[in-house]
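Peer 1: Please find target.txt (compact mmCIF, C-alpha atoms and all ligand atoms) on the next line:
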# COMPACT_ATOMS: atom_id res chain seq x y z
CA MET A 3 0.85 109.42 103.77
CA CYS A 4 0.02 113.05 104.15
CA TYR A 5 -3.07 114.48 105.77
CA PHE A 6 -4.08 117.92 106.85
CA HIS A 7 -3.50 119.28 110.29
CA PRO A 8 -3.34 122.93 111.31
CA MET A 9 -0.08 124.51 112.43
CA ARG A 10 -0.02 124.70 116.26
CA PHE A 11 2.71 126.38 118.23
CA LEU A 12 3.52 128.11 121.48
CA HIS A 13 4.65 131.75 121.63
CA THR A 14 6.63 132.94 124.64
CA ALA A 15 9.25 135.62 125.40
CA ASP A 16 11.04 137.58 128.11
CA TRP A 17 12.10 134.71 130.36
CA GLN A 18 14.74 137.10 131.75
CA ILE A 19 16.73 134.25 133.30
CA GLY A 20 19.43 135.62 135.56
CA MET A 21 17.17 138.43 136.80
CA LYS A 22 18.44 139.47 140.23
CA ALA A 23 14.95 140.33 141.51
CA ALA A 24 16.46 142.56 144.20
CA HIS A 25 13.11 144.37 144.32
CA ALA A 26 11.57 141.16 145.72
CA GLY A 27 13.57 141.52 148.91
CA ALA A 28 13.85 138.32 150.93
CA ALA A 29 11.85 136.46 148.25
CA ALA A 30 14.39 137.15 145.49
CA GLN A 31 15.74 133.58 145.39
CA LYS A 32 12.22 132.18 145.13
CA VAL A 33 11.46 134.62 142.34
CA ARG A 34 14.58 133.47 140.48
CA ASP A 35 13.77 129.76 141.04
CA ALA A 36 10.19 130.29 139.81
CA ARG A 37 11.48 131.47 136.43
CA LEU A 38 13.28 128.13 135.87
CA GLU A 39 10.30 126.12 137.13
CA THR A 40 8.11 127.96 134.63
CA ILE A 41 10.31 126.69 131.78
CA ARG A 42 9.49 123.16 132.98
CA ARG A 43 5.79 124.04 132.90
CA ILE A 44 6.11 125.35 129.33
CA GLN A 45 7.94 122.16 128.37
CA ALA A 46 5.11 120.02 129.82
CA LEU A 47 2.47 122.14 128.09
CA ALA A 48 4.21 121.81 124.71
CA ARG A 49 4.33 118.04 125.18
CA ASP A 50 0.73 117.66 126.41
CA GLU A 51 -0.62 119.84 123.60
CA ARG A 52 1.48 118.04 120.96
CA LEU A 53 2.66 121.34 119.56
CA ASP A 54 4.60 121.57 116.32
CA PHE A 55 7.17 124.00 117.73
CA VAL A 56 7.91 126.70 120.30
CA LEU A 57 8.92 130.32 119.59
CA ILE A 58 10.92 132.41 122.08
CA ALA A 59 10.76 136.07 121.06
CA GLY A 60 13.87 137.41 122.78
CA ASP A 61 15.21 138.28 126.24
CA THR A 62 15.69 134.65 127.26
CA PHE A 63 18.46 136.03 129.49
CA GLU A 64 18.44 139.15 131.62
CA ASP A 65 21.91 140.21 130.45
CA HIS A 66 25.29 138.92 129.33
CA GLY A 67 26.45 138.52 132.93
CA VAL A 68 24.50 135.30 133.60
CA SER A 69 26.54 132.48 135.09
CA GLY A 70 27.77 129.51 133.07
CA ALA A 71 25.74 127.25 135.37
CA LEU A 72 22.51 129.05 134.44
CA ILE A 73 23.32 128.96 130.73
CA THR A 74 23.85 125.19 131.01
CA GLN A 75 20.65 124.75 133.02
CA VAL A 76 18.53 126.64 130.48
CA GLY A 77 20.20 124.76 127.60
CA ASP A 78 19.37 121.42 129.23
CA LEU A 79 15.76 122.47 129.77
CA LEU A 80 15.41 123.57 126.14
CA ALA A 81 17.02 120.36 124.85
CA GLY A 82 14.33 118.49 126.83
CA PHE A 83 11.48 119.91 124.74
CA ASP A 84 10.11 117.25 122.42
CA CYS A 85 9.38 119.70 119.60
CA PRO A 86 11.74 122.17 117.89
CA VAL A 87 12.43 125.42 119.75
CA TYR A 88 13.27 128.60 117.78
CA LEU A 89 14.82 131.50 119.63
CA ILE A 90 16.04 135.02 118.80
CA PRO A 91 18.27 137.33 120.88
CA GLY A 92 16.41 140.35 122.30
CA ASN A 93 17.62 143.71 123.58
CA HIS A 94 18.62 142.34 127.00
CA ASP A 95 20.60 139.53 125.38
CA PRO A 96 21.51 140.86 121.91
CA PHE A 97 23.81 138.80 119.68
CA VAL A 98 27.20 140.43 120.28
CA ALA A 99 30.78 139.17 120.26
CA GLY A 100 31.71 137.65 123.60
CA GLY A 101 28.07 137.68 124.74
CA VAL A 102 25.83 135.04 126.23
CA TRP A 103 24.94 133.49 122.84
CA GLU A 104 28.57 132.68 121.99
CA ARG A 105 28.75 130.76 125.22
CA ALA A 106 25.35 129.08 124.71
CA SER A 107 25.95 128.08 121.09
CA ARG A 108 29.21 126.33 122.05
CA GLN A 109 27.46 123.96 124.47
CA TRP A 110 23.72 123.80 123.72
CA SER A 111 22.13 120.95 121.78
CA ARG A 112 21.74 121.52 118.03
CA ARG A 113 18.04 120.76 118.55
CA VAL A 114 17.63 124.27 119.96
CA HIS A 115 17.52 126.60 116.97
CA LEU A 116 19.39 129.79 117.85
CA LEU A 117 18.52 132.23 115.09
CA PHE A 118 21.24 134.84 114.73
CA GLU A 119 20.54 135.79 111.11
CA ARG A 120 17.70 137.67 109.46
CA ARG A 121 16.79 135.15 106.81
CA PRO A 122 13.80 132.80 106.42
CA VAL A 123 13.96 129.39 108.06
CA GLU A 124 11.81 126.38 107.21
CA ILE A 125 9.67 125.27 110.15
CA PRO A 126 7.05 122.50 110.46
CA GLY A 127 4.15 123.65 108.28
CA GLY A 128 5.62 126.91 106.98
CA LEU A 129 8.31 129.57 107.04
CA LEU A 130 9.74 131.57 109.94
CA TYR A 131 11.16 135.10 109.55
CA PRO A 132 13.45 135.69 112.56
CA CYS A 133 14.43 139.25 113.54
CA PRO A 134 17.32 138.83 116.01
CA LEU A 135 18.68 141.95 117.73
CA PHE A 136 22.35 142.90 117.65
CA GLU A 137 22.36 145.81 120.09
CA ARG A 138 20.63 147.02 123.22
CA TRP A 139 19.15 150.19 121.70
CA SER A 140 18.21 151.01 118.14
CA ASN A 141 15.76 153.18 116.22
CA GLU A 142 15.61 150.67 113.39
CA ASP A 143 12.55 148.42 112.86
CA PRO A 144 13.89 144.83 113.13
CA THR A 145 11.04 143.51 110.94
CA ALA A 146 11.79 145.88 108.03
CA TRP A 147 13.84 143.25 106.16
CA ILE A 148 10.96 140.78 105.78
CA PRO A 149 9.91 140.65 102.07
CA PRO A 150 6.14 140.85 101.38
CA GLU A 151 5.98 137.59 99.46
CA PRO A 152 2.73 135.90 98.40
CA LEU A 153 1.00 133.70 100.93
CA ASP A 154 1.48 130.21 99.54
CA ALA A 155 2.95 128.96 102.81
CA ILE A 156 2.08 129.95 106.38
CA ARG A 157 4.49 132.78 107.25
CA ILE A 158 5.42 133.56 110.84
CA GLY A 159 7.51 136.51 112.06
CA LEU A 160 9.55 136.42 115.30
CA ALA A 161 10.74 139.79 116.67
CA HIS A 162 11.58 141.80 119.76
CA GLY A 163 10.93 145.50 120.31
CA SER A 164 8.34 148.15 121.06
CA LEU A 165 5.34 148.38 118.82
CA ALA A 166 5.42 151.97 117.61
CA LEU A 167 1.94 152.92 118.82
CA PRO A 168 0.97 156.40 120.02
CA ILE A 169 0.23 154.98 123.48
CA LEU A 170 3.34 153.17 124.62
CA GLU A 171 4.01 150.76 127.39
CA GLY A 172 7.46 151.43 128.77
CA GLU A 173 10.39 152.77 126.83
CA ARG A 174 10.66 152.72 123.06
CA HIS A 175 13.46 150.87 121.37
CA HIS A 176 13.73 148.74 118.23
CA PRO A 177 10.39 150.28 117.12
CA ILE A 178 8.17 147.86 115.22
CA HIS A 179 5.65 149.27 112.75
CA PRO A 180 2.08 148.64 114.01
CA GLU A 181 1.19 147.17 110.61
CA ALA A 182 4.41 145.19 110.19
CA ALA A 183 2.49 141.89 109.94
CA GLU A 184 0.16 143.14 107.20
CA ARG A 185 2.95 144.95 105.35
CA ALA A 186 5.14 141.80 105.30
CA ARG A 187 2.10 139.56 104.62
CA LEU A 188 2.75 137.48 107.73
CA ASP A 189 0.09 135.17 109.11
CA TYR A 190 1.33 135.91 112.61
CA LEU A 191 4.00 138.12 114.16
CA ALA A 192 5.22 136.79 117.53
CA LEU A 193 6.61 139.65 119.60
CA GLY A 194 8.64 139.95 122.76
CA ASP A 195 9.60 142.83 125.06
CA TRP A 196 6.37 143.93 126.77
CA HIS A 197 5.82 141.83 129.88
CA SER A 198 2.02 141.72 129.68
CA VAL A 199 -0.06 139.91 127.07
CA LYS A 200 -1.18 142.18 124.27
CA LEU A 201 -3.22 141.02 121.28
CA LEU A 202 -3.46 143.55 118.46
CA PRO A 203 -6.46 143.04 116.16
CA ILE A 204 -6.40 144.57 112.69
CA GLY A 205 -9.21 145.89 110.50
CA ASP A 206 -10.95 142.55 109.86
CA GLY A 207 -10.78 141.63 113.58
CA ALA A 208 -8.08 138.99 113.11
CA VAL A 209 -5.13 139.12 115.50
CA ARG A 210 -1.90 138.71 113.56
CA THR A 211 0.37 140.58 115.97
CA ALA A 212 0.74 139.69 119.63
CA TYR A 213 2.96 139.99 122.66
CA SER A 214 2.93 136.86 124.82
CA GLY A 215 4.30 138.75 127.82
CA THR A 216 6.64 137.11 130.30
CA PRO A 217 5.53 133.62 131.44
CA GLU A 218 6.50 134.33 135.05
CA PRO A 219 5.47 137.68 136.53
CA SER A 220 8.49 139.81 137.39
CA SER A 221 7.17 142.99 139.02
CA PHE A 222 4.21 144.79 140.60
CA SER A 223 3.75 146.91 137.48
CA GLU A 224 2.69 144.10 135.11
CA SER A 225 -1.03 143.91 134.45
CA GLU A 226 -1.30 140.66 132.48
CA SER A 227 1.87 138.61 132.88
CA GLY A 228 2.32 134.91 133.66
CA PHE A 229 1.00 133.53 130.36
CA VAL A 230 2.05 131.91 127.11
CA LEU A 231 0.04 131.98 123.87
CA LEU A 232 -1.02 128.85 122.01
CA VAL A 233 -1.52 129.70 118.35
CA GLU A 234 -3.30 127.60 115.74
CA ILE A 235 -3.38 128.45 112.03
CA ASP A 236 -5.33 126.35 109.51
CA ARG A 237 -3.66 127.57 106.34
CA ALA A 238 -1.94 130.58 104.81
CA GLY A 239 -4.19 133.63 105.15
CA ALA A 240 -6.56 132.06 107.70
CA PRO A 241 -7.06 134.05 110.91
CA PRO A 242 -4.98 132.61 113.79
CA ARG A 243 -6.79 131.16 116.81
CA ILE A 244 -5.01 132.33 119.93
CA GLU A 245 -5.40 130.87 123.39
CA GLN A 246 -3.88 132.48 126.48
CA ARG A 247 -2.62 129.90 129.03
CA ARG A 248 -1.39 130.65 132.54
CA VAL A 249 1.95 129.06 133.40
CA GLY A 250 3.23 131.60 135.95
CA GLN A 251 3.39 130.67 139.60
CA LEU A 252 3.90 133.84 141.62
CA HIS A 253 1.40 136.66 142.12
CA TRP A 254 2.60 140.24 142.53
CA LEU A 255 -0.26 142.07 144.18
CA THR A 256 -0.63 145.71 145.14
CA LEU A 257 -3.58 146.62 147.38
CA LYS A 258 -4.47 150.18 148.28
CA GLU A 259 -7.03 150.35 151.05
CA GLU A 260 -8.61 153.42 152.57
CA LEU A 261 -10.03 152.84 156.05
CA SER A 262 -12.83 155.10 157.20
CA ALA A 263 -14.70 153.27 159.97
CA ARG A 264 -14.13 150.87 162.84
CA GLY A 265 -14.28 147.25 161.76
CA GLU A 266 -12.84 147.85 158.29
CA LEU A 267 -9.43 146.68 159.44
CA ASP A 268 -11.04 143.40 160.52
CA ARG A 269 -12.73 143.00 157.17
CA LEU A 270 -9.43 143.66 155.42
CA ILE A 271 -7.74 140.98 157.55
CA ALA A 272 -10.53 138.52 156.65
CA ARG A 273 -10.06 139.33 152.95
CA LEU A 274 -6.32 138.79 153.16
CA GLU A 275 -6.84 135.49 155.00
CA ALA A 276 -9.09 134.36 152.14
CA LEU A 277 -6.63 135.23 149.35
CA PRO A 278 -5.63 132.13 147.38
CA GLU A 279 -1.98 131.02 147.43
CA PRO A 280 -0.51 133.55 149.89
CA GLU A 281 2.70 131.47 149.92
CA ARG A 282 3.08 132.35 146.22
CA THR A 283 2.11 135.99 146.64
CA LEU A 284 4.31 139.06 146.92
CA LEU A 285 2.06 141.68 148.47
CA ARG A 286 2.35 145.40 148.75
CA LEU A 287 -0.33 146.81 151.04
CA GLU A 288 -0.83 150.56 151.28
CA LEU A 289 -3.17 151.76 154.02
CA SER A 290 -4.60 155.23 154.22
CA GLY A 291 -7.55 156.84 155.99
CA LEU A 292 -8.43 156.68 159.65
CA PHE A 293 -6.76 154.62 162.32
CA PHE A 294 -8.77 153.97 165.48
CA ALA A 295 -6.51 153.71 168.49
CA ALA A 296 -8.70 150.99 169.96
CA GLU A 297 -7.87 148.81 166.93
CA SER A 298 -4.14 148.90 167.57
CA ALA A 299 -4.07 145.16 168.31
CA ARG A 300 -5.73 144.62 164.92
CA LEU A 301 -2.84 146.33 163.19
CA ASP A 302 -0.46 144.00 165.02
CA LYS A 303 -2.55 141.04 163.87
CA LEU A 304 -2.36 142.30 160.30
CA GLU A 305 1.42 142.60 160.51
CA THR A 306 1.71 139.06 161.88
CA LEU A 307 -0.53 137.74 159.10
CA LEU A 308 1.57 139.44 156.43
CA ALA A 309 4.85 138.19 157.88
CA SER A 310 3.71 134.60 158.45
CA ARG A 311 1.51 133.71 155.49
CA PHE A 312 2.87 135.57 152.48
CA LEU A 313 5.93 134.87 150.37
CA ASP A 314 6.83 138.52 150.88
CA ALA A 315 4.74 141.43 152.10
CA LYS A 316 5.31 145.07 152.72
CA LEU A 317 2.92 147.22 154.71
CA ASP A 318 2.91 150.95 154.23
CA ALA A 319 0.72 152.43 156.99
CA GLY A 320 2.40 155.85 156.84
CA ARG A 321 -0.73 157.53 155.53
CA LEU A 322 -3.03 156.37 158.32
CA VAL A 323 -4.26 159.27 160.40
CA PRO A 324 -5.55 158.82 163.97
CA ALA A 325 -9.31 159.15 164.08
CA PRO A 326 -10.20 162.48 165.70
CA ASP A 327 -12.95 161.20 168.01
CA ASP A 328 -10.81 158.55 169.55
CA ASP A 329 -8.25 160.38 171.61
CA ALA A 330 -9.31 159.59 175.18
CA TRP A 331 -5.92 157.92 175.61
CA ILE A 332 -4.21 161.29 175.22
CA GLU A 333 -6.03 162.64 178.26
CA ASN A 334 -4.87 159.56 180.19
CA LEU A 335 -1.20 160.36 179.53
CA PRO A 336 0.77 161.75 182.48
CA ALA A 337 0.17 165.49 182.68
CA GLY A 338 3.05 167.54 181.32
CA ALA A 339 5.28 167.59 178.29
CA ILE A 340 4.23 164.21 176.87
CA ARG A 341 0.49 164.89 177.02
CA GLU A 342 1.09 168.36 175.60
CA ALA A 343 3.16 166.89 172.72
CA ALA A 344 0.42 164.35 172.00
CA ARG A 345 -2.24 167.09 171.87
CA ARG A 346 -0.14 169.11 169.42
CA LEU A 347 0.50 166.08 167.23
CA ARG A 348 -3.23 165.23 167.27
CA ASN A 349 -4.14 168.73 166.15
CA ALA A 350 -1.55 168.69 163.37
CA ALA A 351 -2.15 165.09 162.27
CA PRO A 352 -5.07 165.64 159.87
CA ARG A 353 -2.85 167.85 157.69
CA ASP A 354 0.59 166.49 158.50
CA ALA A 355 1.50 162.85 157.76
CA ALA A 356 4.69 163.04 159.85
CA ALA A 357 2.69 164.23 162.86
CA ALA A 358 0.18 161.41 162.27
CA ARG A 359 2.94 158.81 162.25
CA ALA A 360 4.51 160.32 165.39
CA LEU A 361 1.13 160.23 167.12
CA LEU A 362 0.70 156.54 166.21
CA GLU A 363 4.15 155.76 167.61
CA LEU A 364 3.34 157.63 170.78
CA TYR A 365 0.08 155.70 171.08
CA ARG A 366 1.87 152.39 170.77
CA ILE A 367 4.49 153.35 173.34
CA ALA A 368 1.74 154.50 175.71
CA GLN A 369 0.05 151.09 175.26
CA GLY A 370 3.30 149.37 176.26
CA GLY A 371 4.00 148.09 172.74
CA ASP A 372 7.50 148.09 171.34
CA ALA A 373 6.28 150.15 168.38
MN MN B 401 13.30 143.49 125.97
Just give me the structure as structure tokens.
Ligand SMILES: [Mn+2]

Peer 2:
Amino acid sequence: MCYFHPMRFLHTADWQIGMKAAHAGAAAQKVRDARLETIRRIQALARDERLDFVLIAGDTFEDHGVSGALITQVGDLLAGFDCPVYLIPGNHDPFVAGGVWERASRQWSRRVHLLFERRPVEIPGGLLYPCPLFERWSNEDPTAWIPPEPLDAIRIGLAHGSLALPILEGERHHPIHPEAAERARLDYLALGDWHSVKLLPIGDGAVRTAYSGTPEPSSFSESESGFVLLVEIDRAGAPPRIEQRRVGQLHWLTLKEELSARGELDRLIARLEALPEPERTLLRLELSGLFFAAESARLDKLETLLASRFLDAKLDAGRLVPAPDDDAWIENLPAGAIREAARRLRNAAPRDAAAARALLELYRIAQGGDA
């Protein structure tokens, strides 16, 4: 018996397993663990949604230096998917002699389809045109080989590289023509490399080219990471329906706050206390504006909050300047060199960040804090 059902699949990329995450400081191990846990979430999603297959558009691994244990772990996770998984090497993990894919293909289950050749592959409901990469950098469009054949079957492209648009995100390598999907008459071109989701509509409004982004956020600079795309296509030529699903666990949050009045520090603390999932949040907090000496204890409270509640938090208060009308404490310093130094720092502080920081330190020491 044969009855119609649309093609449904999951598009993901840039798992970057083996990423050191040194920029996450003390949270680096948790950042690395989260990337593996996210694979389990993708596996569960594929099962719950009864998807026909899963596409991984390159950079499964961070580099060729990943440990054998990690390669085995990822292979086991992929073998546990209950639909076929199709995967191409990207620019971080290109298919090269002696590289990570030689090691993986020796031990991984045959159920994981490692696509190392640029030739069409039959997939459930259609044809897949894989565009594996063979080197880290190239000026060649990896999709150029795909023949523009007539649309009698649903045709899906799978590639990794930078879409050659005038406005670029990040560095350009393996440039992909912005109209590659239309030129090759693909129903959908699944791309990897950019870490944020990007859907690229064409003239008729249909989206046939998309970046899924990385499923687990990996830095403060990503605007829309932590997702996979679920794609549904009724028949050859029909516009794909694309759904963006969050699977990521960690939040990388940068807050820039300018303080200008008393009480604002308290309101900021209240806002931070109300943030959802602080234990999954890496926070970078940059304070600027006016610091009121009388609120010194508030700053201590903020530092305690950051250190105790968040997965990782960094406070940059270097641009806070002591409020000019709040310097009674200076006149209470012992007469002599110290008071004189404090007066000079206060006068210089509005224009000189180093003087402002020195004045804050002096204030804390004068209050008996350990700065
Ligand atoms: Mn890449």

Peer 1: Around ligand MN 401 (chain B), which protein and nucleic acid residues have at least one atom no more than 6 Å from it, if we count all atoms listed in the file? List them as a list in words.

Peer 2: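 Listed by chain and ascending number, the contacts are Asp61, Gly92, Asn93, His94 and Asp195 of chain A.
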
Peer 1: Given the choices A:Asp268, A:Ala356, A:Ala26, A:Arg273, which gets closest to His253 in chain A if the distance is worked out from all atoms listed in the file?

Peer 2: A:Ala26

Peer 1: Do a neighbour search on range 99-103 of chain A at 7 Å with only C-alpha atoms, toss out local chain neighbours closer than 4 positions, and write the hits as a PyMOL selection string.

Peer 2: chain A and resi 66+95+107

Peer 1: Any chance you could export the current selection's C-alpha atoms as a short mmCIF file (atom, residue, chain, number, x, y, z; two decimals), in the coordinates of the input?

Peer 2:
data_model
loop_
_atom_site.label_atom_id
_atom_site.label_comp_id
_atom_site.auth_asym_id
_atom_site.auth_seq_id
_atom_site.Cartn_x
_atom_site.Cartn_y
_atom_site.Cartn_z
CA HIS A 66 25.29 138.92 129.33
CA ASP A 95 20.60 139.53 125.38
CA SER A 107 25.95 128.08 121.09
#

Peer 1: So that I can see what lies close to Leu317 in chain A, please list as a PyMOL selection string the residues with an atom at most 7 Å from it, counting only C-alpha atoms and leaving out residues fewer than 5 positions away in the same chain.

Peer 2: chain A and resi 286-288

Peer 1: Excluding range 360-368 of chain A and any residue of its chain fewer than 4 positions from it, enumerate the residues within 8 Å of it, using all atoms listed in the file, and give them as a PDB file with C-alpha atoms, in the coordinates of the input.

Peer 2:
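File produced: part_20.pdb:
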ATOM      1  CA  ALA A 295      -6.510 153.710 168.490  1.00  0.00           C
ATOM      2  CA  SER A 298      -4.140 148.900 167.570  1.00  0.00           C
ATOM      3  CA  PRO A 324      -5.550 158.820 163.970  1.00  0.00           C
ATOM      4  CA  TRP A 331      -5.920 157.920 175.610  1.00  0.00           C
ATOM      5  CA  LEU A 335      -1.200 160.360 179.530  1.00  0.00           C
ATOM      6  CA  ALA A 344       0.420 164.350 172.000  1.00  0.00           C
ATOM      7  CA  LEU A 347       0.500 166.080 167.230  1.00  0.00           C
ATOM      8  CA  ARG A 348      -3.230 165.230 167.270  1.00  0.00           C
ATOM      9  CA  ALA A 351      -2.150 165.090 162.270  1.00  0.00           C
ATOM     10  CA  ALA A 356       4.690 163.040 159.850  1.00  0.00           C
ATOM     11  CA  ASP A 372       7.500 148.090 171.340  1.00  0.00           C
ATOM     12  CA  ALA A 373       6.280 150.150 168.380  1.00  0.00           C
TER      13      ALA A 373
END

Peer 1: Env of Cys85 in chain A: 9 Å cut, atoms = all atoms listed in the file, seq-sep filter 2 positions within chain, self excluded. Answer as JSON, numbers by chain.

Peer 2: {"A": [48, 49, 52, 53, 54, 55, 56, 82, 83, 87, 113]}

Peer 1: Residues at most 12 Å from Lys303 in chain A, counting all atoms listed in the file, excluding those fewer than 4 positions away in the same chain, as a list in words?

Peer 2: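 Everything that qualifies: Leu267, Asp268, Leu270, Ile271, Ala272, Leu274, Glu275, Glu297, Ser298, Ala299, Leu307, Leu308, Ala309, Ser310 and Arg311 of chain A.
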
Peer 1: Using all atoms listed in the file, tabulate the residues of range 107-211 of chain A lying at most 9 Å from any atom of range 215-218 of chain A, each with its closest atom pair and that distance in Å to one decimal, by chain and increasing residue number, as JSON lines.

Peer 2:
{"residue": "A:Leu193", "atom": "CA", "partner": "A:Gly215", "partner_atom": "CA", "distance": 8.6}
{"residue": "A:Gly194", "atom": "CA", "partner": "A:Gly215", "partner_atom": "CA", "distance": 6.8}
{"residue": "A:Asp195", "atom": "CA", "partner": "A:Gly215", "partner_atom": "CA", "distance": 7.2}
{"residue": "A:Trp196", "atom": "CA", "partner": "A:Gly215", "partner_atom": "CA", "distance": 5.7}
{"residue": "A:His197", "atom": "CA", "partner": "A:Gly215", "partner_atom": "CA", "distance": 4.0}
{"residue": "A:Ser198", "atom": "CA", "partner": "A:Gly215", "partner_atom": "CA", "distance": 4.2}
{"residue": "A:Val199", "atom": "CA", "partner": "A:Gly215", "partner_atom": "CA", "distance": 4.6}
{"residue": "A:Lys200", "atom": "CA", "partner": "A:Gly215", "partner_atom": "CA", "distance": 7.4}

Peer 1: Given the point (2.3, 142.8, 104.0) in the coordinates of this file, which residues lie within 12 Å, counting all atoms listed in the file, and how would they look as a list in words?

Peer 2: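 Output: Thr145, Ala146, Trp147, Ile148, Pro149, Pro150, Glu151, Pro152, Leu153, Arg157, Ile158, Gly159, His179, Pro180, Glu181, Ala182, Ala183, Glu184, Arg185, Ala186, Arg187, Leu188, Asp189, Tyr190, Leu191, Arg210 and Gly239 of chain A.
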
Peer 1: Rank nothing, just name the residue among A:Ala106, A:Leu116, A:Ile90, A:Ile156 nearest to Pro144 in chain A, using all atoms listed in the file.

Peer 2: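 So, comparing all the options, the nearest one is A:Ile90.
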
Peer 1: Would you work out the distance separating CA of Trp110 in chain A from CA of Asp65 in chain A, expressed in Å to one decimal?

Peer 2: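 Those two atoms sit 17.8 Å apart.
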
Peer 1: Restricting the calculation to all atoms listed in the file: of A:Val33, A:Ile235, A:Val249, A:Ile58, which residue gets closest to Tyr213 in chain A?

Peer 2: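 Distance minimum relative to Tyr213 in chain A lands on A:Ile58.
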
Peer 1: Counting only C-alpha atoms, which residue out of A:Arg264, A:Arg237, A:Arg247, A:Lys316 sits closest to Pro8 in chain A?

Peer 2: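 For Pro8 in chain A, the nearest of the candidates is A:Arg237.
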
Peer 1: In Å, rounded to a single decimal, give me how far CA of Val68 in chain A is from CA of His115 in chain A.

Peer 2: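 Answer for the CA of His115 in chain A to CA of Val68 in chain A separation: 20.0 Å.
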
Peer 1: Taking only C-alpha atoms into account, which of A:Glu124, A:Glu39, A:Glu64, A:Asp302 comes nearest Ala23 in chain A?

Peer 2: A:Glu64

Peer 1: In terms of the shortest atom-to-atom distance over only C-alpha atoms, which of A:Gly205, A:Asp50, A:Ala355, A:Ser140 is closest to Arg174 in chain A?

Peer 2: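 Among A:Gly205, A:Asp50, A:Ala355, A:Ser140, it is A:Ser140 that comes nearest to Arg174 in chain A.
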
Peer 1: Taking (7.3, 135.0, 140.6) in the file's coordinates, which residues come within 6 Å, counting all atoms listed in the file, written as a count of residues only?

Peer 2: 7
